[in-house]
file input_39.txt (compact mmCIF, C-alpha atoms)
# COMPACT_ATOMS: atom_id res chain seq x y z
CA MET N 1 112.91 61.06 144.57
CA LEU N 2 116.13 63.07 144.58
CA LYS N 3 119.01 61.92 146.78
CA SER N 4 121.48 64.17 148.54
CA MET N 5 125.21 63.55 148.16
CA THR N 6 125.82 64.04 151.89
CA GLY N 7 125.23 61.34 154.47
CA TYR N 8 126.72 59.23 157.25
CA ALA N 9 126.29 55.64 158.42
CA LYS N 10 128.01 53.24 160.78
CA VAL N 11 127.26 49.54 161.20
CA GLU N 12 128.89 47.07 163.57
CA LYS N 13 128.25 43.33 163.57
CA PHE N 14 129.55 40.32 165.48
CA SER N 15 130.21 36.74 164.53
CA GLU N 16 131.80 33.98 166.58
CA LYS N 17 135.24 34.97 165.32
CA PHE N 18 135.07 38.66 164.37
CA ARG N 19 133.71 42.03 165.29
CA VAL N 20 133.57 44.21 162.16
CA SER N 21 132.55 47.86 162.01
CA CYS N 22 132.11 49.91 158.84
CA GLU N 23 131.89 53.70 158.96
CA VAL N 24 131.07 55.61 155.79
CA LYS N 25 130.38 59.26 155.06
CA SER N 26 129.84 61.12 151.81
CA LEU N 27 130.10 64.76 150.78
CA ASN N 28 129.45 66.74 147.60
CA SER N 29 131.62 66.05 144.57
CA LYS N 30 131.42 66.42 140.80
CA GLY N 31 131.95 62.68 140.39
CA LEU N 32 132.44 59.60 142.56
CA ASP N 33 135.60 60.01 144.64
CA ILE N 34 136.27 57.01 146.92
CA ASN N 35 138.77 56.79 149.77
CA VAL N 36 139.02 53.47 151.65
CA SER N 37 140.84 52.71 154.91
CA LEU N 38 141.37 49.00 155.64
CA PRO N 39 143.36 46.66 157.87
CA TYR N 40 146.42 45.41 155.98
CA TYR N 41 145.09 41.84 155.72
CA LEU N 42 142.08 43.11 153.71
CA SER N 43 144.08 45.39 151.42
CA SER N 44 143.70 42.93 148.53
CA LYS N 45 139.94 43.54 148.64
CA GLU N 46 140.11 47.31 148.04
CA ILE N 47 139.22 47.08 144.33
CA GLU N 48 136.24 44.85 145.12
CA ILE N 49 135.14 47.24 147.88
CA THR N 50 135.32 50.13 145.42
CA LYS N 51 133.11 48.21 142.98
CA ILE N 52 130.56 47.51 145.73
CA ILE N 53 130.46 51.20 146.67
CA SER N 54 130.00 52.12 142.99
CA SER N 55 126.97 49.81 142.81
CA PHE N 56 125.26 51.87 145.53
CA LEU N 57 126.47 55.40 144.73
CA THR N 58 127.17 57.37 141.54
CA ARG N 59 128.35 60.74 142.89
CA GLY N 60 129.96 62.08 146.03
CA LYS N 61 133.24 62.15 147.92
CA VAL N 62 133.06 58.90 149.91
CA ASN N 63 135.28 58.07 152.88
CA LEU N 64 134.97 54.51 154.17
CA ARG N 65 136.74 52.93 157.14
CA ILE N 66 136.61 49.27 158.12
CA ASN N 67 137.81 48.11 161.55
CA VAL N 68 138.19 44.46 162.57
CA LYS N 69 138.64 42.84 165.96
CA PHE N 70 139.40 39.13 166.19
CA LEU N 71 137.43 37.38 168.92
CA THR N 72 139.50 34.19 168.73
CA PRO N 73 143.32 33.92 168.87
CA VAL N 74 145.36 34.28 165.66
CA ASN N 75 148.99 33.49 165.03
CA LEU N 76 151.44 36.36 165.31
CA SER N 77 154.78 36.67 163.59
CA ILE N 78 157.45 38.98 164.96
CA ASP N 79 159.98 40.81 162.81
CA TYR N 80 162.97 40.43 165.11
CA VAL N 81 165.29 42.30 162.77
CA MET N 82 162.93 45.29 162.77
CA ALA N 83 162.52 45.02 166.55
CA LYS N 84 166.31 45.04 167.04
CA SER N 85 166.63 48.10 164.78
CA TYR N 86 164.03 50.00 166.80
CA TYR N 87 165.65 48.93 170.07
CA ASP N 88 169.12 50.07 168.98
CA THR N 89 167.70 53.39 167.75
CA LEU N 90 165.87 54.02 171.00
CA GLU N 91 168.93 53.07 173.01
CA GLY N 92 171.03 55.53 170.99
CA VAL N 93 168.48 58.32 171.62
CA ARG N 94 168.46 57.46 175.36
CA GLU N 95 172.25 57.66 175.61
CA SER N 96 172.49 60.87 173.53
CA LEU N 97 169.93 62.66 175.66
CA GLY N 98 171.15 61.26 178.94
CA ILE N 99 167.86 59.57 179.78
CA GLN N 100 168.23 57.31 182.82
CA ASN N 101 165.27 55.00 182.16
CA SER N 102 166.05 51.75 180.40
CA ILE N 103 164.36 50.64 177.20
CA VAL N 104 161.64 48.08 178.00
CA LEU N 105 159.40 45.82 175.95
CA GLY N 106 156.48 48.23 176.32
CA ASP N 107 158.43 50.83 174.34
CA LEU N 108 158.60 48.49 171.37
CA LEU N 109 154.88 47.80 171.46
CA ASN N 110 154.32 51.29 170.03
CA PHE N 111 155.73 50.08 166.70
CA ARG N 112 152.95 47.93 165.33
CA GLU N 113 154.81 46.92 162.17
CA ILE N 114 157.03 44.70 164.33
CA PHE N 115 154.05 42.43 165.10
CA ARG N 116 152.10 41.02 162.19
CA GLY N 117 149.09 38.73 162.28
CA ASP N 118 150.00 35.59 160.37
CA ILE N 119 146.45 35.07 159.11
CA GLU N 120 145.69 32.09 156.91
CA ASP N 121 144.02 32.68 153.54
CA GLU N 122 140.95 30.68 154.61
CA VAL N 123 140.47 32.93 157.62
CA VAL N 124 140.88 36.05 155.47
CA GLU N 125 138.20 34.82 153.07
CA GLU N 126 135.87 34.00 155.94
CA LEU N 127 136.46 37.46 157.37
CA TRP N 128 135.89 39.07 153.95
CA ASN N 129 132.57 37.30 153.42
CA PHE N 130 131.38 38.58 156.79
CA THR N 131 132.80 42.06 156.10
CA LYS N 132 130.86 42.26 152.83
CA GLU N 133 127.62 41.89 154.79
CA VAL N 134 128.60 44.73 157.10
CA LEU N 135 129.73 46.86 154.15
CA SER N 136 126.45 46.36 152.28
CA SER N 137 124.41 47.17 155.39
CA SER N 138 126.33 50.41 155.96
CA LEU N 139 125.92 51.46 152.32
CA GLU N 140 122.19 50.70 152.43
CA MET N 141 121.91 52.86 155.55
CA LEU N 142 123.90 55.63 153.84
CA VAL N 143 121.58 55.57 150.82
CA GLU N 144 118.56 55.88 153.11
CA GLU N 145 120.14 58.85 154.87
CA ARG N 146 120.85 60.47 151.52
CA LYS N 147 117.22 59.91 150.51
CA LYS N 148 115.96 61.59 153.69
CA GLU N 149 118.16 64.62 153.07
CA GLY N 150 117.12 64.55 149.41
CA GLN N 151 113.45 64.90 150.38
CA LYS N 152 114.20 68.23 152.05
CA ILE N 153 116.24 69.42 149.08
CA CYS N 154 113.52 68.28 146.67
CA LYS N 155 110.95 70.57 148.28
CA ASP N 156 113.26 73.58 147.91
CA ILE N 157 114.06 72.71 144.31
CA GLU N 158 110.39 72.19 143.45
CA ASN N 159 109.54 75.63 144.85
CA MET N 160 112.30 77.23 142.77
CA VAL N 161 111.22 75.46 139.58
CA ASN N 162 107.63 76.60 140.17
CA LYS N 163 108.83 80.16 140.69
CA ILE N 164 110.81 80.08 137.44
CA GLU N 165 107.72 78.76 135.67
CA GLU N 166 105.62 81.58 137.12
CA ILE N 167 108.17 84.16 135.96
CA THR N 168 108.25 82.61 132.48
CA LEU N 169 104.45 82.76 132.17
CA ASN N 170 104.46 86.38 133.31
CA ILE N 171 107.08 87.22 130.68
CA GLU N 172 104.93 85.52 128.05
CA LYS N 173 101.89 87.52 129.16
CA VAL N 174 103.73 90.83 129.04
CA ALA N 175 105.40 89.95 125.72
CA SER N 176 101.99 89.42 124.10
CA ASP N 177 101.50 93.20 124.21
CA MET N 178 105.04 93.97 123.09
CA LYS N 179 104.22 95.03 119.54
CA GLU N 180 101.57 97.48 120.70
CA GLU N 181 103.95 98.84 123.33
CA ILE N 182 106.71 99.29 120.76
CA ALA N 183 104.31 101.06 118.40
CA LYS N 184 103.15 103.38 121.20
CA LYS N 185 106.66 104.36 122.24
CA LEU N 186 107.85 104.78 118.67
CA ARG N 187 104.83 106.97 117.83
CA GLU N 188 105.49 109.16 120.85
CA SER N 189 109.15 109.52 119.88
CA VAL N 190 108.34 110.37 116.27
CA GLU N 191 105.70 112.92 117.27
CA GLU N 192 108.21 114.67 119.49
CA ILE N 193 110.69 114.96 116.63
CA LEU N 194 108.41 115.78 113.67
CA PRO N 195 107.10 119.35 113.18
CA GLU N 196 103.37 119.76 113.78
CA ASN N 197 102.58 120.34 110.08
CA VAL N 198 104.34 117.14 108.93
CA GLU N 199 102.32 113.93 108.79
CA MET N 200 103.78 110.52 109.66
CA ASP N 201 104.18 108.01 106.82
CA THR N 202 101.99 105.15 107.99
CA ASN N 203 103.67 102.49 105.83
CA GLN N 204 107.17 103.39 106.98
CA PHE N 205 105.97 103.57 110.58
CA GLU N 206 104.44 100.08 110.43
CA THR N 207 107.58 98.72 108.76
CA ALA N 208 109.76 100.20 111.53
CA VAL N 209 107.50 98.74 114.20
CA ALA N 210 107.61 95.32 112.52
CA LEU N 211 111.43 95.38 112.32
CA ILE N 212 111.85 96.36 115.97
CA ALA N 213 109.25 93.83 117.10
CA ASP N 214 110.98 91.08 115.11
CA LYS N 215 114.33 91.77 116.77
CA ALA N 216 112.62 91.83 120.17
CA ASP N 217 110.66 88.62 119.55
CA ILE N 218 111.26 86.23 122.48
CA ARG N 219 108.67 83.57 121.72
CA GLU N 220 111.32 80.93 120.96
CA GLU N 221 113.14 81.64 124.22
CA ILE N 222 109.88 81.35 126.16
CA GLU N 223 109.03 78.02 124.54
CA ARG N 224 112.50 76.66 125.33
CA LEU N 225 112.13 77.82 128.93
CA LYS N 226 108.82 75.99 129.19
CA SER N 227 110.44 72.85 127.79
CA HIS N 228 113.33 73.03 130.29
CA ILE N 229 110.88 73.56 133.16
CA ASP N 230 108.80 70.55 132.11
CA ARG N 231 111.95 68.44 131.96
CA MET N 232 112.96 69.60 135.47
CA LYS N 233 109.57 68.57 136.82
CA GLU N 234 110.01 65.14 135.26
CA LEU N 235 113.44 64.74 136.88
CA LEU N 236 112.01 65.58 140.30
CA LEU N 237 109.89 62.43 140.07
CA LYS N 238 112.66 60.05 138.99
CA ASP N 239 114.22 57.62 141.45
CA GLU N 240 117.67 57.76 139.91
CA PRO N 241 120.71 60.09 139.87
CA VAL N 242 119.72 63.26 138.00
CA GLY N 243 122.02 65.90 139.48
CA MET N 244 124.28 66.30 136.44
CA LEU N 245 121.36 66.56 134.01
CA PHE N 246 119.57 69.00 136.31
CA ASN N 247 122.72 71.11 136.45
CA PHE N 248 122.85 71.18 132.64
CA LEU N 249 119.23 72.36 132.50
CA THR N 250 119.98 75.26 134.87
CA GLN N 251 122.71 76.35 132.45
CA GLU N 252 120.22 76.31 129.60
CA VAL N 253 117.67 78.29 131.63
CA HIS N 254 120.36 80.85 132.41
CA ARG N 255 121.13 81.17 128.69
CA GLU N 256 117.46 81.75 127.76
CA PHE N 257 117.01 84.47 130.39
CA ASN N 258 120.18 86.16 129.16
CA THR N 259 118.88 86.13 125.59
CA ILE N 260 115.55 87.60 126.72
CA LEU N 261 117.42 90.37 128.51
CA SER N 262 119.46 91.19 125.41
CA LYS N 263 116.31 91.36 123.25
CA SER N 264 114.02 93.06 125.72
CA ARG N 265 112.55 96.47 124.85
CA MET N 266 110.31 96.54 127.91
CA LEU N 267 111.42 97.28 131.46
CA GLU N 268 108.90 94.87 132.94
CA ILE N 269 110.29 91.97 130.90
CA SER N 270 113.85 92.91 131.85
CA ASN N 271 112.95 92.94 135.53
CA LEU N 272 111.23 89.55 135.27
CA ALA N 273 114.20 88.04 133.42
CA LEU N 274 116.60 89.35 136.08
CA GLU N 275 114.46 87.79 138.78
CA GLY N 276 114.42 84.54 136.82
CA LYS N 277 118.23 84.55 136.63
CA TYR N 278 118.44 85.11 140.37
CA ILE N 279 116.11 82.21 141.22
CA ASN N 280 117.92 80.01 138.72
CA SER N 281 121.29 80.80 140.35
CA GLN N 282 119.85 79.67 143.69
CA LEU N 283 118.55 76.54 142.01
CA LYS N 284 121.98 75.83 140.52
CA GLU N 285 123.59 76.07 143.97
CA GLN N 286 121.05 73.68 145.48
CA ILE N 287 121.54 71.19 142.64
CA GLN N 288 125.20 70.84 143.66
CA ASN N 289 123.93 68.85 146.65
CA VAL N 290 122.03 66.33 144.51
CA GLU N 291 123.37 62.98 143.37
call {"tool": "encode", "arguments": {"input": "input_39.txt", "output": "structure tokens"}}
result
Amino acid sequence: MLKSMTGYAKVEKFSEKFRVSCEVKSLNSKGLDINVSLPYYLSSKEIEITKIISSFLTRGKVNLRINVKFLTPVNLSIDYVMAKSYYDTLEGVRESLGIQNSIVLGDLLNFREIFRGDIEDEVVEELWNFTKEVLSSSLEMLVEERKKEGQKICKDIENMVNKIEEITLNIEKVASDMKEEIAKKLRESVEEILPENVEMDTNQFETAVALIADKADIREEIERLKSHIDRMKELLLKDEPVGMLFNFLTQEVHREFNTILSKSRMLEISNLALEGKYINSQLKEQIQNVE
């Protein structure tokens, strides 16, 4: 079943020491583009987080945010030098602007970099092991959401593929009478040009018809279209990322319809090929949503 590249999930879990929430959303993208937002004490885990995301997803622009709240006290370290610098700066601004209010401790609390959690490595590892569970749960939920959206997309894509197949079979049916149609039109043209007392050379006429019919022969293009359509139907049944391959097939279908248009000597075939190109362009747009 096809999966969409768009989705959203949020999971929050509690332990005795932590409350961890993971929010993840994904949008369309040519490849896998990952952006991660973490608390500073988990920054060393960003590469591992990226690998975990890559094990669940292959395409999409992914934005992931992890928030942590400690439920038990942790040690804090204070950067007094930084605090003094902020205080002196604020005091200078107050004096320059003639502000009467004094600088108080609450003003310094706005500068979070002054206060750092002095978290032991053992606590960080314990937090990370718990965070991995939350991360995996959120990614599993995201995949399920992408599958649900993919089911809707799959129905649209299946209808378009069936329509392209119908157009291809109609072209094949019309093309089966192409030689007779060419002969009819050529005979009418020749009869209009030749004087009434001049007879048509049958051998030359048949040779001309054969040459024109050969240049207008689209049997190979029709067979390739059928092959591409069969391959698309196979991809619709696969439970794996197929978006890039599907996109390639739409390019090939576009090329075959273009070739049929360039060879066509019949208006009905030209109209069918134009319709096929239009449906295929819609299909190509829809495929951009597929992983």
call {"tool": "atom_distance", "arguments": {"input": "input_39.txt", "atom1": "atom CA of Glu122 of chain N", "atom2": "atom CA of Asn67 of chain N"}}
result
19.0 Å
call {"tool": "closest_residue", "arguments": {"input": "input_39.txt", "among": "N:Leu272, N:Leu169, N:Leu76, N:Val143", "to": "Phe115 of chain N", "atoms": "only C-alpha atoms"}}
result
N:Leu76
call {"tool": "atom_distance", "arguments": {"input": "input_39.txt", "atom1": "atom CA of Thr259 of chain N", "atom2": "atom CA of Asp156 of chain N"}}
result
26.2 Å
call {"tool": "closest_atom_pairs", "arguments": {"input": "input_39.txt", "of": "segment 129-157 of chain N", "to": "segment 10-27 of chain N", "cutoff": "12 Å", "atoms": "all atoms listed in the file", "output": "JSON lines"}}
result
{"residue": "N:Asn129", "atom": "CA", "partner": "N:Val20", "partner_atom": "CA", "distance": 11.2}
{"residue": "N:Phe130", "atom": "CA", "partner": "N:Ser15", "partner_atom": "CA", "distance": 8.0}
{"residue": "N:Thr131", "atom": "CA", "partner": "N:Val20", "partner_atom": "CA", "distance": 6.5}
{"residue": "N:Lys132", "atom": "CA", "partner": "N:Cys22", "partner_atom": "CA", "distance": 9.8}
{"residue": "N:Glu133", "atom": "CA", "partner": "N:Lys13", "partner_atom": "CA", "distance": 8.9}
{"residue": "N:Val134", "atom": "CA", "partner": "N:Val11", "partner_atom": "CA", "distance": 6.5}
{"residue": "N:Leu135", "atom": "CA", "partner": "N:Cys22", "partner_atom": "CA", "distance": 6.1}
{"residue": "N:Ser136", "atom": "CA", "partner": "N:Cys22", "partner_atom": "CA", "distance": 9.4}
{"residue": "N:Ser137", "atom": "CA", "partner": "N:Val11", "partner_atom": "CA", "distance": 6.9}
{"residue": "N:Ser138", "atom": "CA", "partner": "N:Val11", "partner_atom": "CA", "distance": 5.4}
{"residue": "N:Leu139", "atom": "CA", "partner": "N:Val24", "partner_atom": "CA", "distance": 7.5}
{"residue": "N:Glu140", "atom": "CA", "partner": "N:Val11", "partner_atom": "CA", "distance": 10.2}
{"residue": "N:Met141", "atom": "CA", "partner": "N:Lys10", "partner_atom": "CA", "distance": 8.0}
{"residue": "N:Leu142", "atom": "CA", "partner": "N:Val24", "partner_atom": "CA", "distance": 7.4}
{"residue": "N:Val143", "atom": "CA", "partner": "N:Ser26", "partner_atom": "CA", "distance": 10.0}
{"residue": "N:Glu145", "atom": "CA", "partner": "N:Lys25", "partner_atom": "CA", "distance": 10.2}
{"residue": "N:Arg146", "atom": "CA", "partner": "N:Ser26", "partner_atom": "CA", "distance": 9.0}
call {"tool": "write_last_selection", "arguments": {"input": "input_39.txt", "atoms": "C-alpha atoms", "output": "PDB file, keeping the file's coordinate frame"}}
result
ATOM      1  CA  ASN N 129     132.570  37.300 153.420  1.00  0.00           C
ATOM      2  CA  PHE N 130     131.380  38.580 156.790  1.00  0.00           C
ATOM      3  CA  THR N 131     132.800  42.060 156.100  1.00  0.00           C
ATOM      4  CA  LYS N 132     130.860  42.260 152.830  1.00  0.00           C
ATOM      5  CA  GLU N 133     127.620  41.890 154.790  1.00  0.00           C
ATOM      6  CA  VAL N 134     128.600  44.730 157.100  1.00  0.00           C
ATOM      7  CA  LEU N 135     129.730  46.860 154.150  1.00  0.00           C
ATOM      8  CA  SER N 136     126.450  46.360 152.280  1.00  0.00           C
ATOM      9  CA  SER N 137     124.410  47.170 155.390  1.00  0.00           C
ATOM     10  CA  SER N 138     126.330  50.410 155.960  1.00  0.00           C
ATOM     11  CA  LEU N 139     125.920  51.460 152.320  1.00  0.00           C
ATOM     12  CA  GLU N 140     122.190  50.700 152.430  1.00  0.00           C
ATOM     13  CA  MET N 141     121.910  52.860 155.550  1.00  0.00           C
ATOM     14  CA  LEU N 142     123.900  55.630 153.840  1.00  0.00           C
ATOM     15  CA  VAL N 143     121.580  55.570 150.820  1.00  0.00           C
ATOM     16  CA  GLU N 145     120.140  58.850 154.870  1.00  0.00           C
ATOM     17  CA  ARG N 146     120.850  60.470 151.520  1.00  0.00           C
TER      18      ARG N 146
END
call {"tool": "residues_around", "arguments": {"input": "input_39.txt", "residues": "Gln286 of chain N", "least_positions_apart": "4", "cutoff": "9 Å", "atoms": "only C-alpha atoms", "output": "ChimeraX atom specification"}}
result
/N:153,156-157,281-282,290
call {"tool": "residues_around", "arguments": {"input": "input_39.txt", "residues": "Gly243 of chain N", "least_positions_apart": "4", "cutoff": "7 Å", "atoms": "only C-alpha atoms", "output": "PyMOL selection string"}}
result
chain N and resi 247+287+290-291
call {"tool": "atom_distance", "arguments": {"input": "input_39.txt", "atom1": "atom CA of Gln251 of chain N", "atom2": "atom CA of Arg231 of chain N"}}
result
13.4 Å
call {"tool": "residues_around", "arguments": {"input": "input_39.txt", "residues": "Ile167 of chain N", "least_positions_apart": "3", "cutoff": "9 Å", "atoms": "only C-alpha atoms", "output": "list in words"}}
result
Asn162, Lys163, Ile164, Asn170, Ile171, Glu172, Leu272, Ala273, Glu275 and Gly276 of chain N
call {"tool": "residues_near_point", "arguments": {"input": "input_39.txt", "point": "(125.6, 66.0, 152.3)", "cutoff": "8 Å", "atoms": "only C-alpha atoms", "output": "ChimeraX atom specification"}}
result
/N:4-7,26-28,146,149,289
call {"tool": "closest_residue", "arguments": {"input": "input_39.txt", "among": "N:Asn271, N:Asn101, N:Ile47, N:Leu108", "to": "Lys84 of chain N", "atoms": "all atoms listed in the file"}}
result
N:Leu108
call {"tool": "closest_residue", "arguments": {"input": "input_39.txt", "among": "N:Leu57, N:Ile229, N:Ile34, N:Ala175", "to": "Pro241 of chain N", "atoms": "only C-alpha atoms"}}
result
N:Leu57
call {"tool": "closest_residue", "arguments": {"input": "input_39.txt", "among": "N:Ile78, N:Val93, N:Ile269, N:Leu71", "to": "Phe111 of chain N", "atoms": "all atoms listed in the file"}}
result
N:Ile78
call {"tool": "decode", "arguments": {"input": "input_39.txt", "residues": "segment 98-169 of chain N", "atoms": "C-alpha atoms", "output": "short mmCIF file (atom, residue, chain, number, x, y, z; two decimals), in the first residue's frame"}}
result
data_model
loop_
_atom_site.label_atom_id
_atom_site.label_comp_id
_atom_site.auth_asym_id
_atom_site.auth_seq_id
_atom_site.Cartn_x
_atom_site.Cartn_y
_atom_site.Cartn_z
CA GLY N 98 16.32 57.09 32.37
CA ILE N 99 14.30 54.11 33.59
CA GLN N 100 13.51 54.44 37.30
CA ASN N 101 12.91 50.75 38.06
CA SER N 102 15.84 48.84 39.47
CA ILE N 103 17.22 45.67 37.93
CA VAL N 104 15.95 42.63 39.86
CA LEU N 105 16.68 38.92 39.81
CA GLY N 106 13.56 38.23 37.75
CA ASP N 107 15.06 40.24 34.88
CA LEU N 108 18.01 37.86 34.73
CA LEU N 109 15.77 34.80 34.64
CA ASN N 110 14.92 35.68 31.03
CA PHE N 111 18.46 34.67 30.02
CA ARG N 112 18.37 30.90 30.24
CA GLU N 113 22.01 30.41 29.27
CA ILE N 114 22.97 31.74 32.70
CA PHE N 115 21.44 28.66 34.36
CA ARG N 116 22.57 25.26 33.18
CA GLY N 117 21.45 21.85 34.41
CA ASP N 118 24.52 20.03 35.65
CA ILE N 119 23.20 16.62 34.60
CA GLU N 120 25.30 13.54 35.25
CA ASP N 121 26.11 11.24 32.34
CA GLU N 122 24.21 8.36 33.97
CA VAL N 123 21.07 10.47 34.17
CA VAL N 124 21.47 11.56 30.54
CA GLU N 125 21.73 7.92 29.42
CA GLU N 126 18.69 6.98 31.47
CA LEU N 127 16.78 9.87 29.94
CA TRP N 128 17.95 8.90 26.44
CA ASN N 129 16.80 5.29 26.82
CA PHE N 130 13.36 6.52 27.84
CA THR N 131 13.34 9.14 25.06
CA LYS N 132 14.07 6.46 22.46
CA GLU N 133 10.84 4.71 23.43
CA VAL N 134 8.87 7.92 22.99
CA LEU N 135 10.64 8.66 19.70
CA SER N 136 9.88 5.21 18.28
CA SER N 137 6.23 5.45 19.34
CA SER N 138 5.83 8.84 17.64
CA LEU N 139 7.46 7.59 14.43
CA GLU N 140 5.24 4.49 14.41
CA MET N 141 2.20 6.75 14.78
CA LEU N 142 3.49 8.99 11.97
CA VAL N 143 3.92 6.00 9.65
CA GLU N 144 0.34 4.91 10.37
CA GLU N 145 -0.93 8.40 9.59
CA ARG N 146 1.02 8.40 6.34
CA LYS N 147 -0.49 5.01 5.46
CA LYS N 148 -4.03 6.32 6.05
CA GLU N 149 -3.39 9.30 3.80
CA GLY N 150 -1.72 6.98 1.30
CA GLN N 151 -4.90 4.89 1.01
CA LYS N 152 -6.80 7.92 -0.24
CA ILE N 153 -4.03 8.82 -2.68
CA CYS N 154 -3.83 5.21 -3.88
CA LYS N 155 -7.47 5.23 -4.99
CA ASP N 156 -6.92 8.39 -7.05
CA ILE N 157 -3.75 7.00 -8.60
CA GLU N 158 -5.41 3.67 -9.41
CA ASN N 159 -8.23 5.49 -11.21
CA MET N 160 -5.73 7.50 -13.25
CA VAL N 161 -3.70 4.43 -14.19
CA ASN N 162 -6.89 2.66 -15.30
CA LYS N 163 -7.87 5.68 -17.39
CA ILE N 164 -4.46 5.73 -19.08
CA GLU N 165 -4.84 2.01 -19.80
CA GLU N 166 -8.27 2.60 -21.32
CA ILE N 167 -6.88 5.37 -23.53
CA THR N 168 -3.99 3.14 -24.62
CA LEU N 169 -6.35 0.31 -25.60
#
